[in-house]
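First comes the structure, then the notes that go with it.
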Amino acid sequence: MSVSNIPEKVKIRLWGKAAGRCEYEGCNKPLWLDSVTKAEFNVAYIAHIIADQPNGPRGDADKSDKLKRNISNMMLMCDEHHRLIDKEDIQGHLVERLREMKRKHETRIEMLTSISEDKQSHVILYGANIGRQNAPLSYKKASLAIIPERYPAEGDAIELSLKNSAFQDHEGMYWNIEIEHLRRQYESKIAPLFATGSAQHISIFALAPQPLLMEFGRLISDIQAADVYQLHREPPNWKWQGHPQEFNYFITEPDSYDRTPVLNLSLSATINTDRISKVMNEAYSLWKMTIDQPNNDFMKSRIQLEMFRIEFRKLLNRIKTKHGESAVIHLFPAVPVSIAIESGRIWMPKADLAIKIYDQNTKLGGFHPVLDFK
């Protein structure tokens, strides 16, 4: 417990550096209000890292007096953690550990408060049932993923999900209901933000069957400024990771172009040709886009997504050139979330061929058409 008289200007500087929150690692509790009654008043304590008396917690015969009014030796704390470091577990809270807590907290506050206003982004969450699994979307995790490049424009996300839907993706009504719900939610919650200029940028986090993600991307379009994110398994977060070396997309063209164009996107898994032939009732020309080893976790970096945009744009143009403007592309996707969304954003209704999108469903015995881009 501090016994020295700390100058008011030092207290104010410490409050500013800590943003009025407890600096103990993982706490971050606001110290200007009571957590129970929500009444606003000062509930903060100023703790010394090296005690202001030699016989105090972590006290030192020489440094205690020299540092007792030095802001570098002070931390803003809640009552619980002040008691913890000074009474209950002094040995577990040595000088270096506390200094590192202070450094990390104040560095984070500095980073967040220095982001300019033009870096604001509206966080969009979209989830739909995938089989029996409900989409685990979190505003907190999403907002952490966009920092420090961007920061949330509002305290809550814009959610488009259909809550507690009892329909599953093997049921015919599922697609009609989910697509219509998505379109109405977009028109009521997102379109007005762009129309009025209220949103200059959006950050997209979504988990849903691939055709719905493509429709979501089509609604957003690539005219709007947007960043699309990918949920990773390791580590389990949405933050973009480093770019893998020697990564490429590979395009395979058909031997002839006089039949219906089929596009096989084998990226997160391999789609065998016999699965396509099973549902195509006509002769087709097979186009394929894949990677060296298709798998669920290949999408790691923002650069990989940018590479896809470039290659997919060229691929759509190539198919149109070879098959003519009246052709319809039959699209069979096995792709990550981010690529599904970007596929829809890239498609241009006035320039690209119509697309019939298929969805894989084990209960229905394989692929079946569920959505048309016209």
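Labels for the structure tokens follow display order: chains A, B, ..., residues from 1 in each chain, ligands from 1.
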
Fill in: Backbone-only DSSP, alpha helix (DSSP H) members of region 151-309 of chain A, as an NGL selection string
:A and (172-185 or 191-196 or 210-220 or 273-277 or 302-309)

Please dump the current selection as a short mmCIF file (atom, residue, chain, number, x, y, z; two decimals), in the first residue's frame; keep C-alpha atoms.
data_model
loop_
_atom_site.label_atom_id
_atom_site.label_comp_id
_atom_site.auth_asym_id
_atom_site.auth_seq_id
_atom_site.Cartn_x
_atom_site.Cartn_y
_atom_site.Cartn_z
CA GLY A 172 -35.42 -27.60 -49.74
CA MET A 173 -36.94 -24.68 -47.83
CA TYR A 174 -33.61 -23.99 -46.12
CA TRP A 175 -32.10 -22.31 -49.18
CA ASN A 176 -35.13 -20.17 -50.01
CA ILE A 177 -35.47 -18.98 -46.41
CA GLU A 178 -31.78 -18.31 -45.81
CA ILE A 179 -31.22 -16.53 -49.13
CA GLU A 180 -34.26 -14.32 -48.71
CA HIS A 181 -33.36 -13.56 -45.10
CA LEU A 182 -29.80 -12.64 -46.10
CA ARG A 183 -30.99 -10.32 -48.86
CA ARG A 184 -33.48 -8.56 -46.58
CA GLN A 185 -30.93 -8.19 -43.80
CA ALA A 191 -27.07 -1.04 -47.93
CA PRO A 192 -28.21 2.14 -46.09
CA LEU A 193 -24.74 2.56 -44.56
CA PHE A 194 -23.18 2.67 -48.01
CA ALA A 195 -25.98 4.77 -49.50
CA THR A 196 -25.61 7.49 -46.86
CA GLN A 210 -20.57 -21.93 -49.47
CA PRO A 211 -23.46 -20.88 -51.76
CA LEU A 212 -24.78 -18.52 -49.06
CA LEU A 213 -21.32 -17.03 -48.60
CA MET A 214 -21.12 -16.47 -52.36
CA GLU A 215 -24.50 -14.75 -52.31
CA PHE A 216 -23.30 -12.60 -49.41
CA GLY A 217 -20.25 -11.61 -51.44
CA ARG A 218 -22.43 -10.84 -54.46
CA LEU A 219 -24.56 -8.48 -52.36
CA ILE A 220 -21.49 -6.68 -51.00
CA THR A 273 -14.88 -35.77 -61.60
CA ASP A 274 -17.30 -38.64 -61.04
CA ARG A 275 -19.10 -36.58 -58.38
CA ILE A 276 -19.72 -33.91 -60.98
CA SER A 277 -20.72 -36.34 -63.72
CA ARG A 302 -4.25 -12.03 -47.00
CA ILE A 303 -1.89 -12.38 -49.98
CA GLN A 304 -3.34 -15.82 -50.80
CA LEU A 305 -6.80 -14.24 -50.95
CA GLU A 306 -5.55 -11.42 -53.18
CA MET A 307 -3.92 -14.00 -55.47
CA PHE A 308 -7.24 -15.83 -55.73
CA ARG A 309 -9.06 -12.65 -56.71
#

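Within 9 Å of region 96-108 of chain A, once only C-alpha atoms are used and residues closer than 4 positions along the same chain are dropped, the contacting residues are Lys17, Ala18, Ala19, Cys22, Glu23, Tyr24, Glu25, Asn28, Ile49, Ser72, Asn73, Met74, Met75, Leu76, Ile85, Gly92, Leu112 and Thr113 of chain A.
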
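Excluding Trp240 (chain A) itself and any same-chain residue fewer than 6 positions from it, the protein and nucleic acid residues within 8 Å of it, counting only C-alpha atoms, are Ala145, Tyr229, Gln230, Lys300, Ser301 and Arg302 of chain A.
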
File dump, residues just selected, N, CA and C atoms, as a short mmCIF file (atom, residue, chain, number, x, y, z; two decimals), in the first residue's frame:
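Heads up, here's the output in result-v2.cif:
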data_model
loop_
_atom_site.label_atom_id
_atom_site.label_comp_id
_atom_site.auth_asym_id
_atom_site.auth_seq_id
_atom_site.Cartn_x
_atom_site.Cartn_y
_atom_site.Cartn_z
N ALA A 145 -9.18 -9.13 -34.50
CA ALA A 145 -8.53 -9.51 -35.76
C ALA A 145 -8.22 -8.32 -36.65
N TYR A 229 -12.30 -11.90 -43.84
CA TYR A 229 -11.43 -12.64 -42.93
C TYR A 229 -11.73 -14.13 -42.96
N GLN A 230 -10.74 -14.91 -42.51
CA GLN A 230 -10.82 -16.37 -42.50
C GLN A 230 -10.59 -16.89 -41.08
N LYS A 300 -4.04 -19.05 -45.22
CA LYS A 300 -3.38 -18.45 -44.06
C LYS A 300 -3.23 -16.93 -44.17
N SER A 301 -2.95 -16.45 -45.37
CA SER A 301 -2.56 -15.05 -45.50
C SER A 301 -3.50 -14.24 -46.39
N ARG A 302 -3.48 -12.96 -46.17
CA ARG A 302 -4.25 -12.03 -47.00
C ARG A 302 -3.76 -12.06 -48.45
#

Item to complete: Mind giving me the straight-line distance from CA of Lys314 (chain A) to CA of Ile190 (chain A) in Å, one decimal?
Response: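 Separation between CA of Lys314 (chain A) and CA of Ile190 (chain A): 28.9 Å.
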